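Novice: Supplied structure: upload31.txt, compact mmCIF, C-alpha atoms.
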# COMPACT_ATOMS: atom_id res chain seq x y z
CA MET A 1 0.00 0.00 0.00
CA ARG A 2 1.55 3.28 -1.14
CA TRP A 3 0.78 6.57 0.53
CA SER A 4 0.59 9.89 -1.27
CA LEU A 5 2.79 12.83 -0.29
CA LEU A 6 -0.22 14.55 1.26
CA GLU A 7 -0.91 11.50 3.43
CA TRP A 8 2.68 11.41 4.62
CA LEU A 9 2.62 15.12 5.45
CA SER A 10 -0.64 14.78 7.39
CA MET A 11 0.62 11.93 9.59
CA PRO A 12 2.28 14.14 12.27
CA LEU A 13 -1.02 15.97 12.74
CA VAL A 14 -2.89 12.67 13.06
CA TRP A 15 -0.38 11.38 15.61
CA LEU A 16 -0.60 14.62 17.60
CA ARG A 17 -4.39 14.56 17.63
CA THR A 18 -4.40 10.92 18.70
CA PHE A 19 -1.87 11.62 21.47
CA VAL A 20 -3.89 14.53 22.82
CA PHE A 21 -7.08 12.45 22.77
CA GLN A 22 -5.44 9.52 24.56
CA CYS A 23 -4.05 11.80 27.27
CA GLY A 24 -7.50 13.23 27.87
CA GLU A 25 -9.03 9.76 27.82
CA ALA A 26 -6.62 8.59 30.51
CA PHE A 27 -8.02 11.24 32.85
CA ARG A 28 -11.62 10.54 31.86
CA VAL A 29 -11.22 6.84 32.62
CA LEU A 30 -10.25 7.59 36.23
CA ARG A 31 -13.91 8.14 37.10
CA TYR A 32 -14.61 4.49 36.28
CA TYR A 33 -11.88 3.48 38.71
CA ARG A 34 -14.18 4.52 41.53
CA LYS A 35 -15.57 1.03 41.06
CA THR A 36 -12.74 -0.96 42.60
CA GLU A 37 -13.57 -4.23 40.84
CA PHE A 38 -13.27 -2.57 37.44
CA ALA A 39 -10.08 -0.73 38.41
CA VAL A 40 -8.37 -3.96 39.47
CA ALA A 41 -9.60 -5.87 36.42
CA ASP A 42 -8.56 -3.11 34.01
CA MET A 43 -5.06 -2.96 35.48
CA ARG A 44 -4.76 -6.75 35.28
CA LEU A 45 -5.84 -6.69 31.64
CA SER A 46 -3.37 -3.91 30.84
CA GLY A 47 -0.62 -5.88 32.55
CA MET A 48 -1.18 -8.76 30.14
CA TYR A 49 0.01 -6.48 27.32
CA ARG A 50 2.85 -4.69 29.10
CA PHE A 51 5.53 -6.31 26.92
CA LYS A 52 3.63 -6.40 23.63
CA SER A 53 0.67 -4.17 22.85
CA ALA A 54 -2.70 -5.41 21.67
CA PHE A 55 -2.07 -3.65 18.36
CA ALA A 56 1.20 -5.56 17.89
CA GLU A 57 -0.43 -8.88 18.82
CA CYS A 58 -3.20 -8.30 16.29
CA ARG A 59 -0.78 -7.13 13.59
CA ASP A 60 1.47 -10.17 13.95
CA TYR A 61 -1.47 -12.58 13.91
CA LEU A 62 -2.96 -10.98 10.79
CA LYS A 63 0.42 -11.12 9.06
CA LEU A 64 0.62 -14.85 9.77
CA GLN A 65 -2.86 -15.21 8.27
CA GLY A 66 -1.72 -13.38 5.14
CA ALA A 67 -4.08 -10.44 5.63
CA GLU A 68 -3.80 -7.71 3.01
CA ASN A 69 -3.96 -5.03 5.71
CA PRO A 70 -2.59 -6.35 9.03
CA TYR A 71 -2.72 -2.93 10.70
CA ARG A 72 -6.44 -2.89 11.45
CA TYR A 73 -6.91 -2.61 15.17
CA GLY A 74 -8.77 -0.12 17.28
CA GLU A 75 -10.63 0.04 20.56
CA THR A 76 -13.65 2.10 21.45
CA PRO A 77 -12.58 4.53 24.21
CA LEU A 78 -14.47 3.89 27.43
CA SER A 79 -15.80 7.44 27.63
CA THR A 80 -17.10 7.04 24.08
CA MET A 81 -18.70 3.71 24.98
CA HIS A 82 -20.36 5.42 27.94
CA HIS A 83 -21.81 8.01 25.55
CA ILE A 84 -23.05 5.27 23.21
CA VAL A 85 -24.67 3.41 26.11
CA ARG A 86 -26.61 6.52 27.12
CA GLU A 87 -27.66 7.40 23.57
CA CYS A 88 -28.83 3.86 22.82
CA GLY A 89 -30.50 3.18 26.15
CA LEU A 90 -28.52 0.05 26.98
CA GLU A 91 -29.30 -1.36 30.43
CA SER A 92 -28.05 -3.90 32.95
CA ARG A 93 -30.77 -6.34 31.86
CA ASP A 94 -29.39 -6.46 28.31
CA THR A 95 -27.35 -9.27 26.80
CA ILE A 96 -24.76 -7.43 24.73
CA TYR A 97 -22.58 -9.00 22.04
CA GLU A 98 -19.47 -7.06 21.08
CA LEU A 99 -18.33 -8.19 17.64
CA GLY A 100 -14.62 -7.62 17.28
CA CYS A 101 -13.96 -7.10 20.99
CA GLY A 102 -10.16 -7.05 20.68
CA ARG A 103 -8.46 -7.61 24.03
CA GLY A 104 -11.86 -7.26 25.71
CA ARG A 105 -11.58 -3.98 27.61
CA THR A 106 -14.89 -2.58 26.37
CA SER A 107 -16.69 -5.84 27.12
CA LEU A 108 -15.15 -5.80 30.58
CA TRP A 109 -16.46 -2.26 31.18
CA LEU A 110 -19.93 -3.09 29.86
CA HIS A 111 -20.18 -5.97 32.33
CA LEU A 112 -18.59 -4.47 35.43
CA TYR A 113 -19.71 -0.85 35.08
CA LEU A 114 -23.05 -1.20 33.30
CA GLY A 115 -23.84 -4.59 34.85
CA ALA A 116 -25.01 -6.26 31.63
CA ASP A 117 -24.51 -9.82 30.43
CA VAL A 118 -21.76 -9.50 27.83
CA VAL A 119 -20.25 -11.76 25.19
CA GLY A 120 -17.08 -10.54 23.49
CA VAL A 121 -16.21 -12.11 20.14
CA ASP A 122 -12.92 -11.89 18.26
CA HIS A 123 -10.87 -13.93 15.78
CA VAL A 124 -7.45 -13.26 17.34
CA PRO A 125 -6.82 -16.27 19.63
CA ILE A 126 -4.54 -14.61 22.17
CA PHE A 127 -7.13 -11.92 22.90
CA ILE A 128 -9.74 -14.51 23.80
CA GLN A 129 -7.30 -16.73 25.73
CA ARG A 130 -6.14 -13.89 27.96
CA ALA A 131 -9.61 -12.42 28.44
CA ASN A 132 -11.01 -15.81 29.44
CA LYS A 133 -8.14 -16.30 31.86
CA LEU A 134 -9.09 -13.03 33.54
CA VAL A 135 -12.74 -14.12 33.67
CA GLU A 136 -11.75 -17.46 35.19
CA VAL A 137 -9.61 -16.04 37.99
CA SER A 138 -12.20 -13.34 38.74
CA GLY A 139 -15.18 -15.70 38.83
CA TRP A 140 -17.48 -13.66 36.58
CA GLU A 141 -20.38 -15.75 35.30
CA ARG A 142 -22.09 -13.14 33.12
CA LEU A 143 -19.05 -12.20 31.05
CA ARG A 144 -17.92 -14.55 28.29
CA PHE A 145 -15.42 -14.41 25.45
CA ARG A 146 -15.65 -16.49 22.30
CA TRP A 147 -13.08 -17.09 19.61
CA GLY A 148 -14.23 -17.49 16.04
CA ASP A 149 -15.52 -15.98 12.83
CA ILE A 150 -18.39 -13.55 13.46
CA ARG A 151 -19.81 -14.51 10.08
CA LYS A 152 -20.59 -17.98 11.41
CA MET A 153 -21.71 -17.32 14.99
CA ASP A 154 -25.12 -17.46 16.61
CA PHE A 155 -26.26 -14.14 18.11
CA SER A 156 -29.88 -15.14 18.68
CA GLU A 157 -29.71 -14.59 22.47
CA ALA A 158 -28.49 -10.99 22.15
CA THR A 159 -30.73 -8.04 22.95
CA ALA A 160 -28.02 -5.64 21.74
CA VAL A 161 -25.08 -5.98 19.35
CA TYR A 162 -22.17 -3.55 19.10
CA LEU A 163 -20.28 -3.67 15.81
CA TYR A 164 -17.28 -1.33 15.66
CA GLY A 165 -16.19 -2.79 12.32
CA THR A 166 -15.00 0.38 10.59
CA GLY A 167 -12.40 -1.62 8.65
CA PHE A 168 -14.64 -4.53 7.65
CA GLU A 169 -14.91 -5.42 3.99
CA GLU A 170 -18.35 -5.25 2.40
CA SER A 171 -18.52 -9.03 2.00
CA VAL A 172 -17.98 -9.44 5.76
CA ILE A 173 -20.75 -6.96 6.56
CA ARG A 174 -23.15 -8.80 4.26
CA ASP A 175 -22.32 -12.14 5.89
CA VAL A 176 -22.75 -10.70 9.38
CA LEU A 177 -26.17 -9.36 8.38
CA THR A 178 -27.31 -12.89 7.57
CA ARG A 179 -26.43 -13.87 11.16
CA LEU A 180 -28.05 -10.79 12.69
CA ARG A 181 -31.29 -11.73 10.97
CA HIS A 182 -31.81 -14.29 13.76
CA LEU A 183 -31.88 -11.64 16.48
CA PRO A 184 -35.11 -11.37 18.50
CA ILE A 185 -37.58 -8.68 17.52
CA GLY A 186 -36.69 -5.39 19.19
CA ALA A 187 -32.98 -6.19 19.55
CA LYS A 188 -30.64 -3.22 19.09
CA VAL A 189 -27.73 -3.15 16.64
CA ILE A 190 -25.16 -0.35 16.96
CA THR A 191 -22.62 0.41 14.25
CA ILE A 192 -19.94 3.04 13.71
CA SER A 193 -19.49 5.09 10.51
CA TYR A 194 -22.19 3.38 8.43
CA PRO A 195 -25.80 2.20 8.82
CA LEU A 196 -26.56 -1.44 8.05
CA THR A 197 -29.72 -0.38 6.24
CA ASP A 198 -27.50 0.62 3.31
CA TRP A 199 -27.34 -3.07 2.33
CA PRO A 200 -30.28 -5.08 0.94
CA GLU A 201 -29.49 -7.79 3.51
CA GLY A 202 -30.37 -5.27 6.22
CA ASP A 203 -34.06 -5.13 5.30
CA PHE A 204 -34.97 -6.57 8.71
CA LEU A 205 -33.49 -3.53 10.49
CA GLU A 206 -34.92 -0.08 11.06
CA LEU A 207 -32.66 2.91 11.63
CA GLU A 208 -33.78 4.46 14.90
CA LYS A 209 -31.14 7.07 15.63
CA ARG A 210 -27.97 8.72 14.36
CA PHE A 211 -25.55 10.57 16.62
CA SER A 212 -21.86 11.43 16.77
CA ALA A 213 -19.15 10.27 19.16
CA ARG A 214 -15.48 11.00 19.77
CA PHE A 215 -12.75 8.61 18.65
CA PRO A 216 -8.97 9.06 18.59
CA TRP A 217 -9.05 10.09 14.91
CA GLY A 218 -11.95 12.52 15.34
CA ARG A 219 -15.74 12.41 15.51
CA ALA A 220 -17.67 9.62 13.84
CA ASP A 221 -21.33 8.91 13.20
CA CYS A 222 -22.97 6.15 15.23
CA PHE A 223 -26.12 4.37 14.12
CA LEU A 224 -28.73 2.66 16.28
CA HIS A 225 -30.91 0.08 14.53
CA SER A 226 -33.71 -2.08 15.84
CA ARG A 227 -34.75 -5.54 14.66
CA VAL A 228 -38.21 -5.30 13.10
CA TRP A 229 -40.52 -7.47 11.03
CA GLU A 230 -39.13 -8.32 7.64
CA THR A 231 -41.17 -7.29 4.65
CA SER A 232 -41.49 -9.44 1.57
CA SER A 233 -43.03 -7.75 -1.43
CA HIS A 234 -45.10 -9.57 -4.01
CA THR A 235 -45.48 -12.96 -2.35
CA VAL A 236 -48.24 -15.10 -3.76
CA ASP A 237 -51.26 -15.89 -1.62
CA LEU A 238 -51.89 -19.51 -2.63
CA ALA A 239 -55.44 -19.46 -1.29
CA GLY A 240 -56.70 -16.62 -3.44
CA GLY A 241 -53.96 -16.14 -6.01
CA ALA A 242 -53.55 -12.51 -4.95
CA LEU A 243 -50.32 -10.74 -4.15
CA SER A 244 -49.52 -10.21 -0.49
CA ASP A 245 -46.99 -8.07 1.39
CA ARG A 246 -47.06 -10.22 4.53
CA SER A 247 -43.91 -10.21 6.62
CA ARG A 248 -41.71 -13.29 6.28
CA ASP A 249 -41.23 -13.42 10.05
CA GLU A 250 -44.80 -12.57 10.99
CA PRO A 251 -46.72 -15.56 12.37
CA SER A 252 -49.38 -16.77 9.97
CA PRO A 253 -52.98 -16.34 11.14
CA GLY A 254 -54.76 -19.32 12.59
CA PRO A 255 -57.29 -21.35 10.63
Would you put the structure from the file into structure tokens?

Specialist:
Amino acid sequence: MRWSLLEWLSMPLVWLRTFVFQCGEAFRVLRYYRKTEFAVADMRLSGMYRFKSAFAECRDYLKLQGAENPYRYGETPLSTMHHIVRECGLESRDTIYELGCGRGRTSLWLHLYLGADVVGVDHVPIFIQRANKLVEVSGWERLRFRWGDIRKMDFSEATAVYLYGTGFEESVIRDVLTRLRHLPIGAKVITISYPLTDWPEGDFLELEKRFSARFPWGRADCFLHSRVWETSSHTVDLAGGALSDRSRDEPSPGP
């Protein structure tokens, strides 16, 4: 991948902006440390990457897998996740799936600070191994981490799904949509930078809200969707031969 001269010249500004954001985020995170259990867990998790960062672990794994772009790694800042939680109305009674959870810090916060049931999913083995080790020694029963391909997983128990996925290829998004189709009616799906209703496979989702949030690179749009009845146009009513627009998921009327 070759960069243009303009991209090279803009890099110092990007690095400076990221550095300033991360410094501010470090202070903002201190308020969450008032909850001792989270403070201890967060420091333990950070200690697991003291010799090699999560970015480096992800990069090296993707290189071994022959990925075209092995430099795709990012975490949602905790203060940003807090903003998303408020905007989307997530609650402690939710079962939240984080697709692409990385080392698991956001999932950890969602469980310990929000109090929700959380399942973090990622395809980098060392992330899941270390996160599950932390879960095991801490004895948390409502926080789980799963290794695997999000295009092949079952999310049917989720009441909310968080998909950071800014670097996902279009084919991956389409495949994930086929899995999200099995969500219960009313489930929430949150994405960053793009709405899933832009794809035909997202016809079972309704865009409820659009808002902005801060990330290290700047502000980004966030999209809240809800799982609704699917609509199927021009289906044949075998009884009368007429065309019907009945939902594919809607229960058929009784005899």

Novice: Give me, as CSV, each residue of region 28-86 of chain A that comes within 9 Å of region 121-124 of chain A, together with its shortest interatomic pair and the distance in Å at one decimal, counting all atoms listed in the file, with rows ordered by chain and rising residue number.

Specialist:
residue,atom,partner,partner_atom,distance
A:Glu57,CA,A:Val124,CA,8.4
A:Cys58,CA,A:Val124,CA,6.6
A:Tyr61,CA,A:Val124,CA,6.9
A:Leu62,CA,A:Val124,CA,8.3

Novice: Env of Gly115 (chain A): 10 Å cut, atoms = all atoms listed in the file, seq-sep filter 4 positions within chain, self excluded. Answer as a PDB file with C-alpha atoms, in the coordinates of the input.

Specialist:
ATOM      1  CA  GLU A  91     -29.300  -1.360  30.430  1.00  0.00           C
ATOM      2  CA  SER A  92     -28.050  -3.900  32.950  1.00  0.00           C
ATOM      3  CA  ARG A  93     -30.770  -6.340  31.860  1.00  0.00           C
ATOM      4  CA  ASP A  94     -29.390  -6.460  28.310  1.00  0.00           C
ATOM      5  CA  THR A  95     -27.350  -9.270  26.800  1.00  0.00           C
ATOM      6  CA  LEU A 108     -15.150  -5.800  30.580  1.00  0.00           C
ATOM      7  CA  TRP A 109     -16.460  -2.260  31.180  1.00  0.00           C
ATOM      8  CA  LEU A 110     -19.930  -3.090  29.860  1.00  0.00           C
ATOM      9  CA  HIS A 111     -20.180  -5.970  32.330  1.00  0.00           C
ATOM     10  CA  ARG A 142     -22.090 -13.140  33.120  1.00  0.00           C
ATOM     11  CA  LEU A 143     -19.050 -12.200  31.050  1.00  0.00           C
TER      12      LEU A 143
END

Novice: Find the residues near Tyr162 (chain A): any atom within 12 Å, counting only C-alpha atoms, skip ones fewer than 4 places away on the same chain, and give them as number ranges by chain.

Specialist: A: 76, 81, 84-85, 88, 90, 95-101, 106-107, 110, 118-121, 155, 158, 166, 180, 187-192, 222-225

Novice: Could you take the residues named above and write them with C-alpha atoms, as a compact mmCIF listing (two decimals), in the frame of the given file?

Specialist:
# COMPACT_ATOMS: atom_id res chain seq x y z
CA THR A 76 -13.65 2.10 21.45
CA MET A 81 -18.70 3.71 24.98
CA ILE A 84 -23.05 5.27 23.21
CA VAL A 85 -24.67 3.41 26.11
CA CYS A 88 -28.83 3.86 22.82
CA LEU A 90 -28.52 0.05 26.98
CA THR A 95 -27.35 -9.27 26.80
CA ILE A 96 -24.76 -7.43 24.73
CA TYR A 97 -22.58 -9.00 22.04
CA GLU A 98 -19.47 -7.06 21.08
CA LEU A 99 -18.33 -8.19 17.64
CA GLY A 100 -14.62 -7.62 17.28
CA CYS A 101 -13.96 -7.10 20.99
CA THR A 106 -14.89 -2.58 26.37
CA SER A 107 -16.69 -5.84 27.12
CA LEU A 110 -19.93 -3.09 29.86
CA VAL A 118 -21.76 -9.50 27.83
CA VAL A 119 -20.25 -11.76 25.19
CA GLY A 120 -17.08 -10.54 23.49
CA VAL A 121 -16.21 -12.11 20.14
CA PHE A 155 -26.26 -14.14 18.11
CA ALA A 158 -28.49 -10.99 22.15
CA THR A 166 -15.00 0.38 10.59
CA LEU A 180 -28.05 -10.79 12.69
CA ALA A 187 -32.98 -6.19 19.55
CA LYS A 188 -30.64 -3.22 19.09
CA VAL A 189 -27.73 -3.15 16.64
CA ILE A 190 -25.16 -0.35 16.96
CA THR A 191 -22.62 0.41 14.25
CA ILE A 192 -19.94 3.04 13.71
CA CYS A 222 -22.97 6.15 15.23
CA PHE A 223 -26.12 4.37 14.12
CA LEU A 224 -28.73 2.66 16.28
CA HIS A 225 -30.91 0.08 14.53

Novice: Just to confirm, what's the straight-line distance from CA of Arg214 (chain A) to CA of Pro77 (chain A) in Å (one decimal)?

Specialist: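 That distance, rounded to one decimal, is 8.4 Å.
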
Novice: One decimal, in Å: what's the spacing between CA of Met43 (chain A) and CA of Phe27 (chain A)?

Specialist: 14.7 Å

Novice: List as a ChimeraX atom specification the protein and nucleic acid residues near Val172 (chain A), meaning an atom at most 12 Å away when all atoms listed in the file are counted, but skip any in the same chain fewer than 3 places from it.

Specialist: /A:99,149-152,163,165-169,175-179,196,199,201

Novice: From the set A:Phe204, A:Phe55, A:Tyr164, A:Phe215, which residue has the shortest atom-to-atom contact distance to Val228 (chain A), counting all atoms listed in the file?

Specialist: A:Phe204

Novice: State, in Å with one decimal place, the distance from CA of Gly89 (chain A) to CA of Gly24 (chain A).

Specialist: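 Answer for the CA of Gly89 (chain A) to CA of Gly24 (chain A) separation: 25.2 Å.
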
Novice: Here is a test: counting all atoms listed in the file, which residue of A:Glu75, A:Gly148, A:Ile126, A:Arg181 is nearest to Lys52 (chain A)?

Specialist: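 Looking only at the distances to Lys52 (chain A), the closest residue turns out to be A:Ile126.
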
Novice: Report as a tab-separated table the residues of region 39-59 of chain A within 10 Å of region 134-141 of chain A, each with its shortest atom pair and distance in Å (one decimal), using all atoms listed in the file, ordered by chain and increasing residue number.

Specialist:
residue	atom	partner	partner_atom	distance
A:Ala41	CA	A:Leu134	CA	7.7
A:Asp42	CA	A:Leu134	CA	9.9
A:Arg44	CA	A:Leu134	CA	7.8
A:Leu45	CA	A:Leu134	CA	7.4
A:Met48	CA	A:Leu134	CA	9.6

Novice: Looking at all atoms listed in the file, which of A:Thr159, A:Ser53, A:Gln129, A:Thr80 is the one that sits closest to Ser212 (chain A)?

Specialist: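 Counting all atoms listed in the file, the residue closest to Ser212 (chain A) is A:Thr80.
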
Novice: Do you know which residues are at most 8 Å from His83 (chain A) counting all atoms listed in the file, after dropping those on the same chain fewer than 4 positions away, and could you put them as a count of residues only?

Specialist: 3

Novice: From the options A:Ile173, A:Ile185, A:Leu205, A:Leu112, which residue's atoms come nearest to Thr36 (chain A), counting all atoms listed in the file?

Specialist: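 Checking each of A:Ile173, A:Ile185, A:Leu205, A:Leu112 against Thr36 (chain A), counting all atoms listed in the file, the winner is A:Leu112.
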
Novice: Counting only C-alpha atoms, which residue out of A:Ala56, A:Gly74, A:Arg103, A:Leu30 sits closest to Trp217 (chain A)?

Specialist: A:Gly74
